[in-house]
$ cat coords_26.txt   # compact mmCIF, C-alpha atoms and all ligand atoms
# COMPACT_ATOMS: atom_id res chain seq x y z
CA MET C 234 -32.06 30.03 46.77
CA ALA C 235 -30.98 27.97 49.79
CA ALA C 236 -33.18 30.15 51.97
CA VAL C 237 -36.16 29.55 49.68
CA ALA C 238 -35.57 25.79 49.75
CA ALA C 239 -35.28 25.87 53.55
CA ALA C 240 -38.50 27.88 53.76
CA ALA C 241 -40.30 25.43 51.50
CA GLY C 242 -39.14 22.62 53.78
CA THR C 243 -40.26 24.43 56.93
CA PHE C 244 -43.67 25.23 55.47
CA ALA C 245 -44.11 21.64 54.30
CA ARG C 246 -43.16 20.40 57.79
CA ARG C 247 -45.72 22.73 59.40
CA MET C 248 -48.38 21.35 57.05
CA ALA C 249 -47.26 17.77 57.65
CA ARG C 250 -47.47 18.23 61.44
CA SER C 251 -51.11 19.19 60.94
CA GLY C 252 -51.83 15.65 59.71
CA VAL C 253 -53.08 16.94 56.38
CA LEU C 254 -52.57 14.73 53.34
CA PHE C 255 -51.79 16.39 50.03
CA PRO C 256 -51.95 16.79 47.13
CA ARG C 257 -55.50 15.68 46.44
CA SER C 258 -55.27 12.86 43.95
CA SER C 259 -58.53 12.71 42.03
CA PRO C 260 -61.41 15.05 41.25
CA GLN C 261 -64.60 14.75 43.28
CA VAL C 262 -67.68 13.23 41.71
CA TRP C 263 -71.12 14.80 42.07
CA PRO C 264 -73.04 14.78 44.28
CA GLN C 265 -70.85 14.25 47.33
CA ALA C 266 -73.46 14.83 50.00
CA ALA C 267 -75.81 12.27 48.45
CA ARG C 268 -73.19 9.53 48.75
CA GLN C 269 -73.70 8.88 52.46
CA PRO C 270 -74.38 5.18 53.13
CA PRO C 271 -78.17 4.67 53.30
CA GLY C 272 -79.57 4.11 56.75
CA LEU C 273 -76.71 5.89 58.49
CA LEU C 274 -77.50 9.31 59.85
CA PRO C 275 -74.26 11.26 59.85
CA ALA C 276 -73.69 14.15 62.21
CA GLN C 277 -74.97 17.15 60.25
CA ARG C 278 -72.26 19.53 61.39
CA ARG C 279 -68.58 19.22 61.94
CA ALA C 280 -66.39 22.02 63.22
CA PHE C 281 -62.71 22.60 63.72
CA SER C 282 -60.88 25.64 64.87
CA ASN C 283 -57.51 27.14 65.69
CA ASN C 284 -56.68 30.52 67.14
CA LYS C 285 -56.99 32.26 63.74
CA ILE C 286 -59.78 30.52 61.89
CA LEU C 287 -63.06 28.74 62.66
CA VAL C 288 -64.46 26.21 60.20
CA GLU C 289 -67.95 24.68 60.28
CA LEU C 290 -69.01 22.06 57.77
CA ASP C 291 -72.66 21.26 57.18
CA THR C 292 -72.45 17.71 55.88
CA SER C 293 -76.04 17.67 54.67
CA SER C 294 -75.43 20.49 52.16
CA GLY C 295 -71.70 19.89 51.67
CA VAL C 296 -71.01 23.56 52.47
CA ALA C 297 -68.29 24.72 54.86
CA THR C 298 -68.01 28.20 56.31
CA MET C 299 -64.57 29.52 57.19
CA LYS C 300 -64.53 32.51 59.53
CA PHE C 301 -61.40 34.59 60.02
CA LYS C 302 -61.05 35.44 63.71
CA SER C 303 -57.65 36.99 64.17
CA PRO C 304 -57.98 40.36 65.94
CA PRO C 305 -57.56 43.19 65.47
CA VAL C 306 -57.82 43.11 61.64
CA ASN C 307 -57.30 39.54 60.34
CA SER C 308 -53.87 40.39 59.00
CA LEU C 309 -52.23 37.58 57.07
CA SER C 310 -49.36 36.56 59.32
CA LEU C 311 -47.29 33.43 58.73
CA ASP C 312 -49.36 31.60 61.37
CA PHE C 313 -52.59 32.77 59.81
CA LEU C 314 -51.52 31.70 56.31
CA THR C 315 -50.37 28.32 57.60
CA GLU C 316 -53.66 27.73 59.43
CA PHE C 317 -55.54 28.85 56.34
CA CYS C 318 -53.75 26.30 54.12
CA ILE C 319 -54.22 23.55 56.70
CA SER C 320 -57.94 24.30 57.02
CA LEU C 321 -58.45 24.42 53.27
CA GLU C 322 -56.55 21.18 52.80
CA LYS C 323 -58.66 19.46 55.44
CA LEU C 324 -61.83 20.53 53.64
CA GLU C 325 -60.45 19.50 50.26
CA ASN C 326 -59.73 16.05 51.66
CA ASP C 327 -63.17 15.74 53.25
CA ARG C 328 -65.48 13.91 50.86
CA ALA C 329 -68.49 15.56 52.48
CA CYS C 330 -67.34 19.03 51.50
CA ARG C 331 -68.12 20.56 48.10
CA GLY C 332 -68.25 24.28 48.75
CA LEU C 333 -66.61 26.88 50.96
CA ILE C 334 -67.87 30.27 52.11
CA ILE C 335 -65.14 32.55 53.44
CA THR C 336 -66.06 35.40 55.76
CA SER C 337 -64.86 37.33 58.80
CA ALA C 338 -65.80 37.12 62.46
CA ILE C 339 -64.12 40.49 63.08
CA PRO C 340 -66.44 43.50 62.78
CA ARG C 341 -65.82 45.86 59.85
CA VAL C 342 -62.75 44.05 58.48
CA PHE C 343 -62.63 41.06 56.13
CA SER C 344 -58.82 41.03 56.07
CA SER C 345 -56.28 43.86 56.24
CA GLY C 346 -53.92 41.99 53.90
CA LEU C 347 -50.40 40.76 54.49
CA ASP C 348 -49.19 41.29 58.03
CA ILE C 349 -46.78 44.18 57.76
CA THR C 350 -44.93 43.12 60.90
CA GLU C 351 -43.90 39.89 59.11
CA MET C 352 -42.06 41.96 56.52
CA CYS C 353 -39.89 44.06 58.84
CA GLY C 354 -36.72 43.30 60.78
CA LYS C 355 -36.78 39.55 60.15
CA SER C 356 -34.23 37.08 58.79
CA THR C 357 -33.82 36.07 55.15
CA GLU C 358 -35.19 32.62 56.08
CA HIS C 359 -38.26 34.20 57.65
CA TYR C 360 -38.98 36.35 54.60
CA ALA C 361 -38.60 33.30 52.38
CA GLU C 362 -40.93 31.22 54.55
CA PHE C 363 -43.46 34.02 54.76
CA TRP C 364 -43.40 34.62 51.02
CA ARG C 365 -43.72 30.91 50.34
CA ALA C 366 -46.80 30.84 52.59
CA VAL C 367 -48.37 33.81 50.78
CA GLN C 368 -47.91 32.07 47.43
CA GLU C 369 -49.14 28.77 48.80
CA MET C 370 -52.33 30.39 50.10
CA TRP C 371 -53.05 31.84 46.67
CA ILE C 372 -52.15 28.66 44.74
CA ARG C 373 -54.35 26.51 46.93
CA LEU C 374 -57.33 28.85 47.04
CA TYR C 375 -57.22 29.92 43.40
CA GLY C 376 -56.80 26.31 42.30
CA SER C 377 -59.27 24.80 44.76
CA ASN C 378 -61.70 22.17 43.48
CA LEU C 379 -64.31 23.44 45.91
CA VAL C 380 -66.83 26.12 44.97
CA THR C 381 -65.52 29.16 46.84
CA VAL C 382 -67.64 32.18 47.75
CA ALA C 383 -66.22 35.24 49.50
CA ALA C 384 -68.79 36.83 51.83
CA ILE C 385 -66.98 40.13 52.33
CA ASN C 386 -68.30 41.74 55.50
CA GLY C 387 -65.71 44.49 55.91
CA SER C 388 -62.79 46.27 54.33
CA SER C 389 -60.47 44.17 52.27
CA PRO C 390 -57.29 45.90 51.12
CA ALA C 391 -54.31 44.33 49.30
CA GLY C 392 -53.80 40.69 50.37
CA GLY C 393 -57.37 40.67 51.75
CA CYS C 394 -58.61 41.61 48.30
CA LEU C 395 -56.45 38.82 46.82
CA ILE C 396 -58.24 36.25 48.99
CA ALA C 397 -61.61 37.51 47.76
CA LEU C 398 -60.37 37.60 44.16
CA SER C 399 -59.22 34.00 44.39
CA CYS C 400 -62.76 32.82 45.11
CA ASP C 401 -65.30 31.90 42.45
CA TYR C 402 -67.84 34.53 43.55
CA ARG C 403 -67.73 37.67 45.68
CA ILE C 404 -70.61 39.14 47.67
CA MET C 405 -69.92 42.32 49.64
CA VAL C 406 -71.90 44.06 52.34
CA GLU C 407 -73.12 47.55 51.38
CA ASN C 408 -71.55 49.94 53.85
CA PRO C 409 -70.11 53.37 53.02
CA LYS C 410 -67.12 52.71 55.29
CA TYR C 411 -65.97 49.51 53.58
CA VAL C 412 -63.34 49.52 50.84
CA ILE C 413 -61.68 46.89 48.69
CA GLY C 414 -58.80 46.91 46.21
CA LEU C 415 -55.12 46.37 45.60
CA ASN C 416 -53.68 49.53 47.19
CA GLU C 417 -50.01 48.50 47.03
CA ALA C 418 -49.00 51.48 44.85
CA GLN C 419 -50.37 53.84 47.53
CA LEU C 420 -48.01 52.15 49.98
CA GLY C 421 -45.11 52.67 47.59
CA ILE C 422 -44.88 49.00 46.69
CA VAL C 423 -45.77 46.96 43.63
CA ALA C 424 -48.45 44.28 43.67
CA PRO C 425 -46.77 41.03 42.58
CA PHE C 426 -47.67 39.95 39.04
CA TRP C 427 -49.88 37.11 40.25
CA PHE C 428 -51.92 39.59 42.39
CA LYS C 429 -52.19 41.71 39.23
CA ASP C 430 -53.17 38.79 36.99
CA THR C 431 -55.86 37.64 39.41
CA PHE C 432 -57.20 41.21 39.50
CA VAL C 433 -57.15 41.60 35.70
CA ASN C 434 -58.98 38.30 35.44
CA ALA C 435 -61.87 39.73 37.45
CA VAL C 436 -62.14 43.33 36.21
CA GLY C 437 -60.42 43.43 32.81
CA HIS C 438 -57.24 45.13 31.69
CA ARG C 439 -58.22 48.80 31.53
CA ALA C 440 -59.98 48.93 34.90
CA ALA C 441 -57.09 47.01 36.47
CA GLU C 442 -54.45 49.29 34.95
CA ARG C 443 -56.05 52.41 36.38
CA SER C 444 -56.89 50.89 39.73
CA LEU C 445 -53.44 49.33 40.25
CA GLN C 446 -51.43 52.35 39.14
CA LEU C 447 -53.38 54.60 41.48
CA GLY C 448 -53.49 51.96 44.23
CA LEU C 449 -57.22 52.56 44.58
CA LEU C 450 -59.37 51.29 47.38
CA HIS C 451 -62.86 51.19 45.93
CA SER C 452 -66.15 51.88 47.66
CA VAL C 453 -68.62 49.01 47.55
CA PRO C 454 -70.83 50.45 44.75
CA GLU C 455 -67.73 51.22 42.68
CA ALA C 456 -66.30 47.74 43.24
CA HIS C 457 -69.64 46.34 42.09
CA ARG C 458 -69.76 48.52 38.96
CA MET C 459 -66.28 47.47 37.87
CA GLY C 460 -66.88 43.76 38.54
CA LEU C 461 -64.51 43.50 41.48
CA VAL C 462 -67.45 42.17 43.50
CA ASP C 463 -70.32 40.28 41.90
CA GLU C 464 -73.11 41.27 44.24
CA VAL C 465 -73.86 43.74 47.02
CA VAL C 466 -76.24 43.03 49.89
CA PRO C 467 -77.26 44.50 53.26
CA GLU C 468 -75.28 43.01 56.17
CA GLU C 469 -78.23 40.96 57.45
CA LYS C 470 -78.71 39.28 54.07
CA LEU C 471 -75.09 38.29 53.52
CA GLN C 472 -75.19 34.76 54.83
CA GLU C 473 -78.52 33.95 53.20
CA LYS C 474 -77.24 35.24 49.86
CA ALA C 475 -73.96 33.33 50.13
CA VAL C 476 -75.86 30.12 50.83
CA ALA C 477 -78.21 30.76 47.88
CA VAL C 478 -75.33 31.45 45.49
CA MET C 479 -73.55 28.34 46.74
CA ALA C 480 -76.67 26.21 46.14
CA GLN C 481 -76.81 27.52 42.57
CA TRP C 482 -73.18 26.57 41.90
CA LEU C 483 -73.51 23.20 43.65
CA ALA C 484 -76.54 22.29 41.52
CA LEU C 485 -74.09 21.41 38.75
CA PRO C 486 -72.12 18.20 38.52
CA ASP C 487 -68.79 18.70 40.31
CA HIS C 488 -66.59 17.20 37.63
CA ALA C 489 -67.84 19.46 34.82
CA ARG C 490 -67.59 22.59 36.95
CA GLN C 491 -64.18 21.61 38.32
CA LEU C 492 -62.71 20.88 34.90
CA THR C 493 -64.09 24.17 33.60
CA LYS C 494 -62.59 26.05 36.52
CA SER C 495 -59.30 24.32 36.00
CA MET C 496 -59.36 25.19 32.29
CA MET C 497 -60.12 28.86 33.03
CA ARG C 498 -57.35 29.11 35.63
CA LYS C 499 -54.77 26.86 33.96
CA THR C 500 -52.42 29.61 32.78
CA PHE C 501 -52.15 30.80 36.34
CA ARG C 502 -51.50 27.33 37.65
CA THR C 503 -48.69 26.88 35.14
CA LEU C 504 -47.20 30.18 36.21
CA SER C 505 -47.54 29.31 39.85
CA SER C 506 -45.90 25.92 39.56
CA SER C 507 -42.56 27.67 39.11
CA HIS C 508 -43.10 29.54 42.41
CA PRO C 509 -42.33 33.18 41.71
CA LYS C 510 -39.11 34.31 43.34
CA THR C 511 -39.05 35.52 46.93
CA PRO C 512 -38.11 39.19 47.17
CA SER C 513 -34.69 39.60 48.78
CA ARG C 514 -34.21 40.65 52.42
CA SER C 515 -32.93 44.05 51.29
CA HIS C 516 -36.00 44.43 49.08
CA PHE C 517 -38.29 43.90 52.11
CA GLN C 518 -36.18 46.30 54.17
CA ARG C 519 -36.06 48.99 51.49
CA THR C 520 -39.78 48.61 50.85
CA TRP C 521 -40.86 49.00 54.46
CA ARG C 522 -37.85 51.14 55.52
CA CYS C 523 -37.06 48.86 58.42
C1 LIG Q 601 -41.36 43.51 49.89
C2 LIG Q 601 -42.76 43.23 49.91
C3 LIG Q 601 -43.16 43.12 48.55
C4 LIG Q 601 -44.35 43.02 48.15
C5 LIG Q 601 -45.55 42.90 48.99
C6 LIG Q 601 -46.66 43.27 48.09
C7 LIG Q 601 -47.94 42.71 48.48
C8 LIG Q 601 -48.50 43.34 49.68
C9 LIG Q 601 -49.67 43.02 50.08
C10 LIG Q 601 -50.26 43.51 51.32
O1 LIG Q 601 -51.27 43.00 51.70
S1 LIG Q 601 -49.49 44.75 52.21
C11 LIG Q 601 -50.64 45.18 53.50
C12 LIG Q 601 -51.57 46.20 52.98
N1 LIG Q 601 -52.62 46.48 53.94
C13 LIG Q 601 -53.08 47.69 54.16
O2 LIG Q 601 -52.67 48.65 53.58
C14 LIG Q 601 -54.17 47.80 55.19
C15 LIG Q 601 -53.79 48.72 56.29
N2 LIG Q 601 -54.84 48.74 57.29
C16 LIG Q 601 -55.99 49.44 57.16
O3 LIG Q 601 -56.28 50.07 56.17
C17 LIG Q 601 -56.89 49.44 58.35
O4 LIG Q 601 -56.17 48.95 59.44
C18 LIG Q 601 -58.18 48.60 58.18
C19 LIG Q 601 -57.90 47.19 57.72
C20 LIG Q 601 -59.12 49.29 57.15
C21 LIG Q 601 -58.91 48.54 59.54
O5 LIG Q 601 -59.11 49.83 60.04
P1 LIG Q 601 -59.46 50.01 61.59
O6 LIG Q 601 -59.67 51.48 61.78
O7 LIG Q 601 -60.55 49.10 61.99
O8 LIG Q 601 -58.18 49.51 62.38
P2 LIG Q 601 -56.78 50.27 62.59
O9 LIG Q 601 -56.33 50.90 61.32
O10 LIG Q 601 -56.89 51.13 63.79
O11 LIG Q 601 -55.81 49.04 62.86
C22 LIG Q 601 -55.89 48.30 64.08
C23 LIG Q 601 -54.54 47.71 64.37
O12 LIG Q 601 -54.22 46.78 63.34
C24 LIG Q 601 -52.92 47.08 62.79
N3 LIG Q 601 -52.90 46.73 61.35
C25 LIG Q 601 -53.69 47.17 60.40
N4 LIG Q 601 -53.38 46.61 59.20
C26 LIG Q 601 -52.35 45.78 59.43
C27 LIG Q 601 -51.55 44.92 58.60
N5 LIG Q 601 -51.78 44.78 57.25
N6 LIG Q 601 -50.56 44.22 59.17
C28 LIG Q 601 -50.29 44.33 60.51
N7 LIG Q 601 -51.02 45.15 61.35
C29 LIG Q 601 -52.02 45.85 60.82
C30 LIG Q 601 -52.83 48.59 63.00
O13 LIG Q 601 -51.49 48.98 62.94
C31 LIG Q 601 -53.43 48.76 64.36
O14 LIG Q 601 -52.47 48.34 65.32
P3 LIG Q 601 -52.34 49.11 66.70
O15 LIG Q 601 -53.67 48.98 67.36
O16 LIG Q 601 -51.24 48.38 67.41
O17 LIG Q 601 -51.98 50.52 66.35
$ encode --input "coords_26.txt" --output "C-alpha cells"
Amino acid sequence: MAAVAAAAGTFARRMARSGVLFPRSSPQVWPQAARQPPGLLPAQRRAFSNNKILVELDTSSGVATMKFKSPPVNSLSLDFLTEFCISLEKLENDRACRGLIITSAIPRVFSSGLDITEMCGKSTEHYAEFWRAVQEMWIRLYGSNLVTVAAINGSSPAGGCLIALSCDYRIMVENPKYVIGLNEAQLGIVAPFWFKDTFVNAVGHRAAERSLQLGLLHSVPEAHRMGLVDEVVPEEKLQEKAVAVMAQWLALPDHARQLTKSMMRKTFRTLSSSHPKTPSRSHFQRTWRC
C-alpha cells in the first residue's frame, strides 16, 4: 500500500514537472476553433515533441495528431506512458484542440504493448509506479473529452490494443502481416479486468470471451468483422480517412457529444476511480519468471 502511495506521488511529481495543469475543470463548448479572436491570424500549426512521441496540432481544424516514435516497437515503458499522459493533458488543456488522431511513426507496429522489461527484475516501488502509469494512461485516454481516433498502421497486441480500444473510433490498415488483440492468455498471463471490460465494450461478451480465453491476435479482416476495428483502409488512405472521420465527429456540438461519451463510459470511470490494485512484486516475478 505504501509502495502504491509512493508510486502515485512519484507519477504525480513527474506530471507536475511537465508544467501540465490537471484535472480539467469544465467541459469544452463547441466550436472551439471558431472562437479565435476576429482579426487575429493564429499560427495554424503547433507542435511539441519528446523522445517518445510527436504531437502536431492544426489549430484551424482543432485536430491534433499524436505519433508514437519509440523504436523498435513503441513498447509502453514507464517513460513512454508518462510522456503519453503529459502530451494528452497538454492537448486537453489547449482550447484550440477538439480531436486527437493517434498513430505510429514506426513501420509495421502501432504499439507492442506494455514494455516487458519494465516488469522484470525491478523493485516493488518500480512495479507500483509502472502499474500506476498504465492505469493512468487508460483512465485519461478512455475518459478524454477529446474525440479520439486510432489510426492503426501496424500490429497492436495487448497494451497496444488497449490504447486503440480506448479511442472513440478505430481505423486499421489492411495488411496480411498486421494483427491486433489482447493476447495475454497466450503469454500465460491474465488481461486485467479493465482491459477485458474495454474489450467487451467494443466487441460484445461472446466474441470477447472466446478471443480472451484463447489470447487471439486477429487478422485485420477478422478484427473488422468482430467490431474490434471500425474500418479498414489501404495504408495510403489512412490519414485521409482518419481526418474525414474526425470531421464527422467534430461536426457535432462538443458538449452533447462529451456528455454522451461520459454517460456511456461512466461505469468504467467509477471503477477506475478506486485505482485497481497493483499486482505484487512476486506476482510480476512469477508471471515473467524473472
Ligand atoms: C504481472 C503482470 C500482470 C499483468 C500484465 C497484463 C497486461 C499485459 C499487457 C501487455 O501489453 S504485455 C506485452 C504483450 N506484448 C506482446 O506480446 C508483443 C510482443 N511483440 C511482438 O509480437 C512483436 O515484437 C511485434 C510487436 C509484432 C513486432 O514484431 P517485429 O518482428 O517487428 O519485431 P521483433 O519481434 O523482432 O521485436 C523487436 C525488438 O523489440 C522487442 N520487443 C517486442 N515487444 C516488446 C515488448 N512488449 N516489450 C519490450 N520489448 C519488446 C523484442 O524483444 C526485440 O528486441 P531485440 O531486438 O533486442 O531482440
$ residues_around --input "coords_26.txt" --residues "stretch 385-390 of chain C" --least-positions-apart "5" --cutoff "8 Å" --atoms "only C-alpha atoms" --output "number ranges by chain"
C: 335-337, 340-346, 397, 403-406, 410-416, 450, 468, 471
$ residues_near_ligand --input "coords_26.txt" --ligand "ligand LIG 601 (chain Q)" --cutoff "9 Å" --atoms "only C-alpha atoms and all ligand atoms" --output "ChimeraX atom specification"
/C:304-310,340-352,360,364,387-395,410-412,415-417,419-420,422-425,428,511-521
$ closest_residue --input "coords_26.txt" --among "C:Phe281, C:Ala384, C:Tyr375, C:Lys429" --to "C:Glu473" --atoms "all atoms listed in the file"
C:Ala384
$ atom_distance --input "coords_26.txt" --atom1 "atom CA of C:Cys330" --atom2 "atom CA of C:Ala297"
6.7 Å
$ closest_residue --input "coords_26.txt" --among "C:Ala475, C:Ala456, C:Ala480, C:Leu374" --to "C:Leu314" --atoms "all atoms listed in the file"
C:Leu374
$ atom_distance --input "coords_26.txt" --atom1 "atom CA of C:Arg278" --atom2 "atom CA of C:Asp291"
4.6 Å
$ decode --input "coords_26.txt" --residues "stretch 282-293 of chain C" --atoms "all heavy atoms" --output "PDB file, in the first residue's frame"
ATOM      1  N   SER C 282       7.180  17.852 -28.888  1.00  0.00           N
ATOM      2  CA  SER C 282       7.741  16.526 -29.066  1.00  0.00           C
ATOM      3  C   SER C 282       8.606  16.155 -27.870  1.00  0.00           C
ATOM      4  O   SER C 282       9.129  17.030 -27.176  1.00  0.00           O
ATOM      5  CB  SER C 282       8.586  16.575 -30.343  1.00  0.00           C
ATOM      6  OG  SER C 282       9.259  15.382 -30.528  1.00  0.00           O
ATOM      7  N   ASN C 283       8.749  14.865 -27.624  1.00  0.00           N
ATOM      8  CA  ASN C 283       9.758  14.380 -26.686  1.00  0.00           C
ATOM      9  C   ASN C 283      10.397  13.181 -27.372  1.00  0.00           C
ATOM     10  O   ASN C 283      10.141  12.961 -28.561  1.00  0.00           O
ATOM     11  CB  ASN C 283       9.101  14.027 -25.346  1.00  0.00           C
ATOM     12  CG  ASN C 283       7.919  13.111 -25.544  1.00  0.00           C
ATOM     13  OD1 ASN C 283       8.065  12.000 -26.016  1.00  0.00           O
ATOM     14  ND2 ASN C 283       6.723  13.600 -25.230  1.00  0.00           N
ATOM     15  N   ASN C 284      11.192  12.420 -26.667  1.00  0.00           N
ATOM     16  CA  ASN C 284      11.884  11.355 -27.409  1.00  0.00           C
ATOM     17  C   ASN C 284      11.023  10.116 -27.669  1.00  0.00           C
ATOM     18  O   ASN C 284      11.493   9.154 -28.255  1.00  0.00           O
ATOM     19  CB  ASN C 284      13.221  10.984 -26.746  1.00  0.00           C
ATOM     20  CG  ASN C 284      12.991  10.453 -25.351  1.00  0.00           C
ATOM     21  OD1 ASN C 284      11.884  10.558 -24.819  1.00  0.00           O
ATOM     22  ND2 ASN C 284      14.008   9.867 -24.754  1.00  0.00           N
ATOM     23  N   LYS C 285       9.752  10.161 -27.256  1.00  0.00           N
ATOM     24  CA  LYS C 285       8.865   9.009 -27.476  1.00  0.00           C
ATOM     25  C   LYS C 285       7.689   9.330 -28.402  1.00  0.00           C
ATOM     26  O   LYS C 285       7.144   8.441 -29.043  1.00  0.00           O
ATOM     27  CB  LYS C 285       8.262   8.536 -26.137  1.00  0.00           C
ATOM     28  CG  LYS C 285       9.274   8.245 -25.050  1.00  0.00           C
ATOM     29  CD  LYS C 285       9.886   6.899 -25.236  1.00  0.00           C
ATOM     30  CE  LYS C 285      10.946   6.608 -24.194  1.00  0.00           C
ATOM     31  NZ  LYS C 285      11.844   5.541 -24.634  1.00  0.00           N
ATOM     32  N   ILE C 286       7.280  10.600 -28.364  1.00  0.00           N
ATOM     33  CA  ILE C 286       6.015  10.962 -29.000  1.00  0.00           C
ATOM     34  C   ILE C 286       6.142  12.319 -29.687  1.00  0.00           C
ATOM     35  O   ILE C 286       6.747  13.245 -29.135  1.00  0.00           O
ATOM     36  CB  ILE C 286       4.895  11.028 -27.917  1.00  0.00           C
ATOM     37  CG1 ILE C 286       4.569   9.625 -27.414  1.00  0.00           C
ATOM     38  CG2 ILE C 286       3.641  11.702 -28.442  1.00  0.00           C
ATOM     39  CD1 ILE C 286       3.688   9.575 -26.195  1.00  0.00           C
ATOM     40  N   LEU C 287       5.546  12.425 -30.878  1.00  0.00           N
ATOM     41  CA  LEU C 287       5.486  13.719 -31.575  1.00  0.00           C
ATOM     42  C   LEU C 287       4.022  14.134 -31.672  1.00  0.00           C
ATOM     43  O   LEU C 287       3.175  13.320 -32.051  1.00  0.00           O
ATOM     44  CB  LEU C 287       6.083  13.558 -32.981  1.00  0.00           C
ATOM     45  CG  LEU C 287       5.838  14.690 -33.962  1.00  0.00           C
ATOM     46  CD1 LEU C 287       6.629  15.936 -33.560  1.00  0.00           C
ATOM     47  CD2 LEU C 287       6.222  14.263 -35.373  1.00  0.00           C
ATOM     48  N   VAL C 288       3.739  15.394 -31.340  1.00  0.00           N
ATOM     49  CA  VAL C 288       2.359  15.875 -31.425  1.00  0.00           C
ATOM     50  C   VAL C 288       2.307  17.117 -32.309  1.00  0.00           C
ATOM     51  O   VAL C 288       3.108  18.039 -32.139  1.00  0.00           O
ATOM     52  CB  VAL C 288       1.794  16.233 -30.025  1.00  0.00           C
ATOM     53  CG1 VAL C 288       0.352  16.729 -30.146  1.00  0.00           C
ATOM     54  CG2 VAL C 288       1.853  15.031 -29.100  1.00  0.00           C
ATOM     55  N   GLU C 289       1.382  17.107 -33.258  1.00  0.00           N
ATOM     56  CA  GLU C 289       1.158  18.290 -34.109  1.00  0.00           C
ATOM     57  C   GLU C 289      -0.308  18.668 -33.994  1.00  0.00           C
ATOM     58  O   GLU C 289      -1.175  17.804 -34.160  1.00  0.00           O
ATOM     59  CB  GLU C 289       1.489  17.964 -35.563  1.00  0.00           C
ATOM     60  CG  GLU C 289       2.980  17.886 -35.808  1.00  0.00           C
ATOM     61  CD  GLU C 289       3.319  17.360 -37.194  1.00  0.00           C
ATOM     62  OE1 GLU C 289       2.507  16.596 -37.747  1.00  0.00           O
ATOM     63  OE2 GLU C 289       4.393  17.708 -37.691  1.00  0.00           O
ATOM     64  N   LEU C 290      -0.548  19.936 -33.728  1.00  0.00           N
ATOM     65  CA  LEU C 290      -1.925  20.421 -33.610  1.00  0.00           C
ATOM     66  C   LEU C 290      -2.216  21.414 -34.725  1.00  0.00           C
ATOM     67  O   LEU C 290      -1.500  22.411 -34.885  1.00  0.00           O
ATOM     68  CB  LEU C 290      -2.119  21.100 -32.236  1.00  0.00           C
ATOM     69  CG  LEU C 290      -3.424  21.864 -32.034  1.00  0.00           C
ATOM     70  CD1 LEU C 290      -4.639  20.940 -32.141  1.00  0.00           C
ATOM     71  CD2 LEU C 290      -3.429  22.563 -30.667  1.00  0.00           C
ATOM     72  N   ASP C 291      -3.244  21.114 -35.498  1.00  0.00           N
ATOM     73  CA  ASP C 291      -3.700  22.043 -36.533  1.00  0.00           C
ATOM     74  C   ASP C 291      -4.792  22.898 -35.892  1.00  0.00           C
ATOM     75  O   ASP C 291      -5.914  22.428 -35.678  1.00  0.00           O
ATOM     76  CB  ASP C 291      -4.242  21.235 -37.724  1.00  0.00           C
ATOM     77  CG  ASP C 291      -4.761  22.132 -38.826  1.00  0.00           C
ATOM     78  OD1 ASP C 291      -5.049  23.326 -38.551  1.00  0.00           O
ATOM     79  OD2 ASP C 291      -4.891  21.652 -39.959  1.00  0.00           O
ATOM     80  N   THR C 292      -4.458  24.143 -35.593  1.00  0.00           N
ATOM     81  CA  THR C 292      -5.402  24.964 -34.838  1.00  0.00           C
ATOM     82  C   THR C 292      -6.599  25.402 -35.681  1.00  0.00           C
ATOM     83  O   THR C 292      -7.625  25.792 -35.129  1.00  0.00           O
ATOM     84  CB  THR C 292      -4.698  26.212 -34.260  1.00  0.00           C
ATOM     85  OG1 THR C 292      -4.018  26.875 -35.304  1.00  0.00           O
ATOM     86  CG2 THR C 292      -3.733  25.840 -33.159  1.00  0.00           C
ATOM     87  N   SER C 293      -6.475  25.311 -37.002  1.00  0.00           N
ATOM     88  CA  SER C 293      -7.628  25.720 -37.817  1.00  0.00           C
ATOM     89  C   SER C 293      -8.731  24.655 -37.769  1.00  0.00           C
ATOM     90  O   SER C 293      -9.909  24.988 -37.788  1.00  0.00           O
ATOM     91  CB  SER C 293      -7.208  26.010 -39.258  1.00  0.00           C
ATOM     92  OG  SER C 293      -6.659  24.852 -39.820  1.00  0.00           O
TER      93      SER C 293
END
